[in-house]
Each structure stands twice: as C-alpha cells, then as structure tokens.
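Asker: Sharing a structure below in structure tokens format, with a few things to ask.
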Amino acid sequence: MSTERFKLCVSTFGRDIQSLKDAVVKAINSGADIVEVRLDYLKELDVNVVSSTLRPYMGKLVLTLRPSYENGLFEGNEEERVKILKRLSREGPAYVDIELRSPIFQDLSKELMGTGTALIVSWHDFEKTPESDELRRIVDLAMKSGSITKVVTMARSFSDNLRILSLYHTYDKHRLIAFCMGVEGILSRFLSVMLGAPFMYVSLPGAPTAPGQLSITEAKEIIRMLSSSCCGK
C-alpha cells in the first residue's frame, strides 16, 4: 500500500492572524499536503490583513468561514460571508469551502465559481448519520456545484460508517469526501481515502476542529504501520 494515496489536509485555526499564520506554517512543515484555514475562529477578520498574511501559502489552502448553523463561529450574515469569501478567492487558494445548507447557497456558489475558484461543497450532521436515501439526495445536490463534495456525519454505531462509505460505490470517488465524526467514525476517515477520497482531514497535535479528528502525527504513524504491514516489511 503506497503512502502517496493518503493525502492529508490539516485543519488549522487561530484567534488572531499571527496565531493562524503560525498554525498554517506548522501544518506545512509537518508535511500537510493541503491546509484548511478556519477563518471563523478569528476574533477580528480583516480581509486585507488575511490576504497579505496568507498570500504566500494560498496555493495549499482551503479557506473556510464556517457559520453557526454548521457549528462554526462566524456571527455575521450571509451577505458578509459572500463578500469575504469572494474577496479572498481572488488570492488563488486551492479551494474555498462553502456550505450546502447556506440559505443563499446558489448565489454563493455562482459568485465564487465566477472567480474561477475550485469549490468544496460541504454538508455536516453533528448529531447522526442520515439514512442512505437522504445521503444520496445531499450528494446529488452538492455534486452539481462544486469540484469536491464533502459529506460528514456523526457515527453513533459501526453501521453508520458502512452507510457513509457506501457512497463511494455510487459517485465519482475522486470528487467525494465522505466519512463519520466521533470515536466510532475514526475508521471511516482512513477508509474514505483508501476508497478514493482526495484527502483526509487531520489536525495539529492537541488542536482538533471536529470530534474524532486525529492529529497529523497520529495519522502518519498509522499510515506508516499500514503501509509497512501491507508491504511485508
């Protein structure tokens, strides 16, 4: 098993711009293939400051401004979010993550696609894993607008992992990131990448942004053991 298939996206955050920059640099130095930047954690979000500070790293970044209805910390309205994300998209990030649940999702996706930005269309359920029909409905909608569809649910039982991973048999696996959160869902994070997901979300040590999210150090060690075992080393 090649370690190359296990591309890692490190989720980062900071309450101020210097802390955020430090986290991004630490993630890159730790071997991240891509870095998610949770802009909603910033106490003060100055678009010009964010642009100038993160510009050297933009080609590796997923910009995320998560609203409260998706468990985020951004307290502004949707029009403000569109304005901020559209401005930052001009800096050439690898992706901008937008929420399928946004009440103005169609306008938001059109605005950002108009800038030539690659989009991750995300949908989260922090309480449960919906039934298969509902999961497919969500993926069908998201696939129409983004480069990558991200569907993340909470695992309450082992069977929830099977339900979310079954999506890889129906959709373009290279455009789908689907896994479960929580301790019960850790296995699905690894299996999603093995089934074709473009990358797996991890965190910096001691700084998870979601339940059940492993650190990049932990993930790399498990990947190393899996690879060594499969190769008979």
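Simple scheme: letters A, B, ... for chains in structure tokens order, numbers from 1 for residues in each chain, numbers from 1 for ligands in the order shown.
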Please report, as a Markdown table, each residue of segment 155-202 of chain A lying at most 8 Å from segment 141-149 of chain A, together with the nearest pair of atoms and the separation in Å rounded to one decimal; use only C-alpha atoms, and order rows by chain and ascending residue number.
Answerer:
```
| residue | atom | partner | partner_atom | distance |
| --- | --- | --- | --- | --- |
| A:His174 | CA | A:Ile148 | CA | 7.9 |
| A:Arg175 | CA | A:Ile148 | CA | 4.5 |
| A:Leu176 | CA | A:Thr149 | CA | 5.0 |
| A:Ile177 | CA | A:Thr149 | CA | 6.1 |
```
Asker: Neighbours of Val193 of chain A within 10 Å (only C-alpha atoms; same-chain residues fewer than 5 positions away dropped), as an MDAnalysis selection string?
Answerer: chainID A and resid 5:8 173:174 176:179 188 198:201
Asker: Find the residues around Ala32 of chain A up to 6 Å (only C-alpha atoms counted), leave out those fewer than 3 positions away in its own chain, and share them as number ranges by chain.
Answerer: A: 8-9, 27-28
Asker: Could you write out that same residue set with all heavy atoms as a short mmCIF file (atom, residue, chain, number, x, y, z; two decimals), in the first residue's frame?
Answerer:
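Wrote it out as result.cif, contents follow:
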```cif
data_model
loop_
_atom_site.label_atom_id
_atom_site.label_comp_id
_atom_site.auth_asym_id
_atom_site.auth_seq_id
_atom_site.Cartn_x
_atom_site.Cartn_y
_atom_site.Cartn_z
N LEU A 8 -3.06 14.32 3.20
CA LEU A 8 -3.57 14.84 4.46
C LEU A 8 -3.85 16.33 4.39
O LEU A 8 -3.01 17.11 3.93
CB LEU A 8 -2.56 14.57 5.59
CG LEU A 8 -2.23 13.09 5.84
CD1 LEU A 8 -1.14 12.96 6.91
CD2 LEU A 8 -3.47 12.31 6.24
N CYS A 9 -5.05 16.70 4.84
CA CYS A 9 -5.44 18.11 4.94
C CYS A 9 -5.49 18.45 6.42
O CYS A 9 -6.30 17.90 7.17
CB CYS A 9 -6.80 18.33 4.30
SG CYS A 9 -7.43 20.02 4.50
N ALA A 27 1.63 23.44 10.07
CA ALA A 27 0.99 22.35 9.31
C ALA A 27 1.80 21.99 8.07
O ALA A 27 2.03 20.82 7.77
CB ALA A 27 -0.43 22.75 8.93
N ILE A 28 2.24 23.00 7.34
CA ILE A 28 3.03 22.77 6.13
C ILE A 28 4.35 22.09 6.48
O ILE A 28 4.78 21.13 5.84
CB ILE A 28 3.27 24.09 5.38
CG1 ILE A 28 1.94 24.61 4.81
CG2 ILE A 28 4.29 23.90 4.25
CD1 ILE A 28 2.02 26.00 4.21
#
```
Asker: Can you pull out every residue from segment 12-210 of chain A that DSSP, working from the backbone, puts in strand (DSSP E or B), and format the result as an mmCIF file with C-alpha atoms, in the first residue's frame?
Answerer:
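The resulting result17.cif:
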```cif
data_model
loop_
_atom_site.group_PDB
_atom_site.id
_atom_site.type_symbol
_atom_site.label_atom_id
_atom_site.label_comp_id
_atom_site.auth_asym_id
_atom_site.auth_seq_id
_atom_site.Cartn_x
_atom_site.Cartn_y
_atom_site.Cartn_z
ATOM 1 C CA THR A 12 -5.950 24.975 11.390
ATOM 2 C CA ILE A 34 -3.152 20.850 1.977
ATOM 3 C CA VAL A 35 -4.205 23.086 4.870
ATOM 4 C CA GLU A 36 -7.739 24.050 5.864
ATOM 5 C CA VAL A 37 -7.904 27.551 7.338
ATOM 6 C CA ARG A 38 -10.834 28.097 9.693
ATOM 7 C CA LEU A 61 -5.079 26.430 1.424
ATOM 8 C CA VAL A 62 -8.751 25.534 1.811
ATOM 9 C CA LEU A 63 -10.449 28.714 3.005
ATOM 10 C CA THR A 64 -13.377 28.029 5.322
ATOM 11 C CA PRO A 67 -21.330 29.823 10.077
ATOM 12 C CA PHE A 74 -18.819 33.302 12.222
ATOM 13 C CA TYR A 95 -10.203 25.609 -2.590
ATOM 14 C CA VAL A 96 -12.935 27.593 -0.905
ATOM 15 C CA ASP A 97 -15.304 25.550 1.252
ATOM 16 C CA ILE A 98 -18.968 26.573 1.119
ATOM 17 C CA GLU A 99 -21.962 25.049 2.877
ATOM 18 C CA LEU A 119 -15.140 24.741 -4.525
ATOM 19 C CA ILE A 120 -15.632 22.188 -1.793
ATOM 20 C CA VAL A 121 -19.366 21.957 -1.155
ATOM 21 C CA SER A 122 -19.793 20.683 2.383
ATOM 22 C CA TRP A 123 -22.625 19.311 4.485
ATOM 23 C CA HIS A 124 -22.358 18.241 8.131
ATOM 24 C CA ASP A 125 -24.620 16.486 10.608
ATOM 25 C CA ILE A 148 -15.432 18.287 -4.414
ATOM 26 C CA THR A 149 -18.409 17.213 -2.320
ATOM 27 C CA LYS A 150 -17.804 16.799 1.410
ATOM 28 C CA VAL A 151 -20.440 14.962 3.464
ATOM 29 C CA VAL A 152 -19.594 14.423 7.132
ATOM 30 C CA THR A 153 -21.897 12.888 9.726
ATOM 31 C CA MET A 154 -21.738 11.699 13.322
ATOM 32 C CA LEU A 176 -16.137 12.837 -2.840
ATOM 33 C CA ILE A 177 -15.013 13.185 0.762
ATOM 34 C CA ALA A 178 -17.441 11.237 2.940
ATOM 35 C CA PHE A 179 -16.737 9.998 6.457
ATOM 36 C CA CYS A 180 -18.069 9.930 10.008
ATOM 37 C CA MET A 181 -17.038 12.002 13.009
ATOM 38 C CA MET A 200 -8.218 13.085 4.781
ATOM 39 C CA TYR A 201 -8.797 15.785 7.389
ATOM 40 C CA VAL A 202 -6.477 15.793 10.395
ATOM 41 C CA SER A 203 -5.366 18.411 12.914
ATOM 42 C CA LEU A 204 -2.248 19.782 14.513
ATOM 43 C CA ALA A 207 -5.855 21.144 18.287
#
```
Asker: Measuring atom to atom with only C-alpha atoms, identify which of A:Leu88, A:Val49, A:Val82, A:Ala210 is nearest to Asp107 of chain A.
Answerer: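 When distances to Asp107 of chain A are compared using only C-alpha atoms, the smallest one comes from A:Val82.
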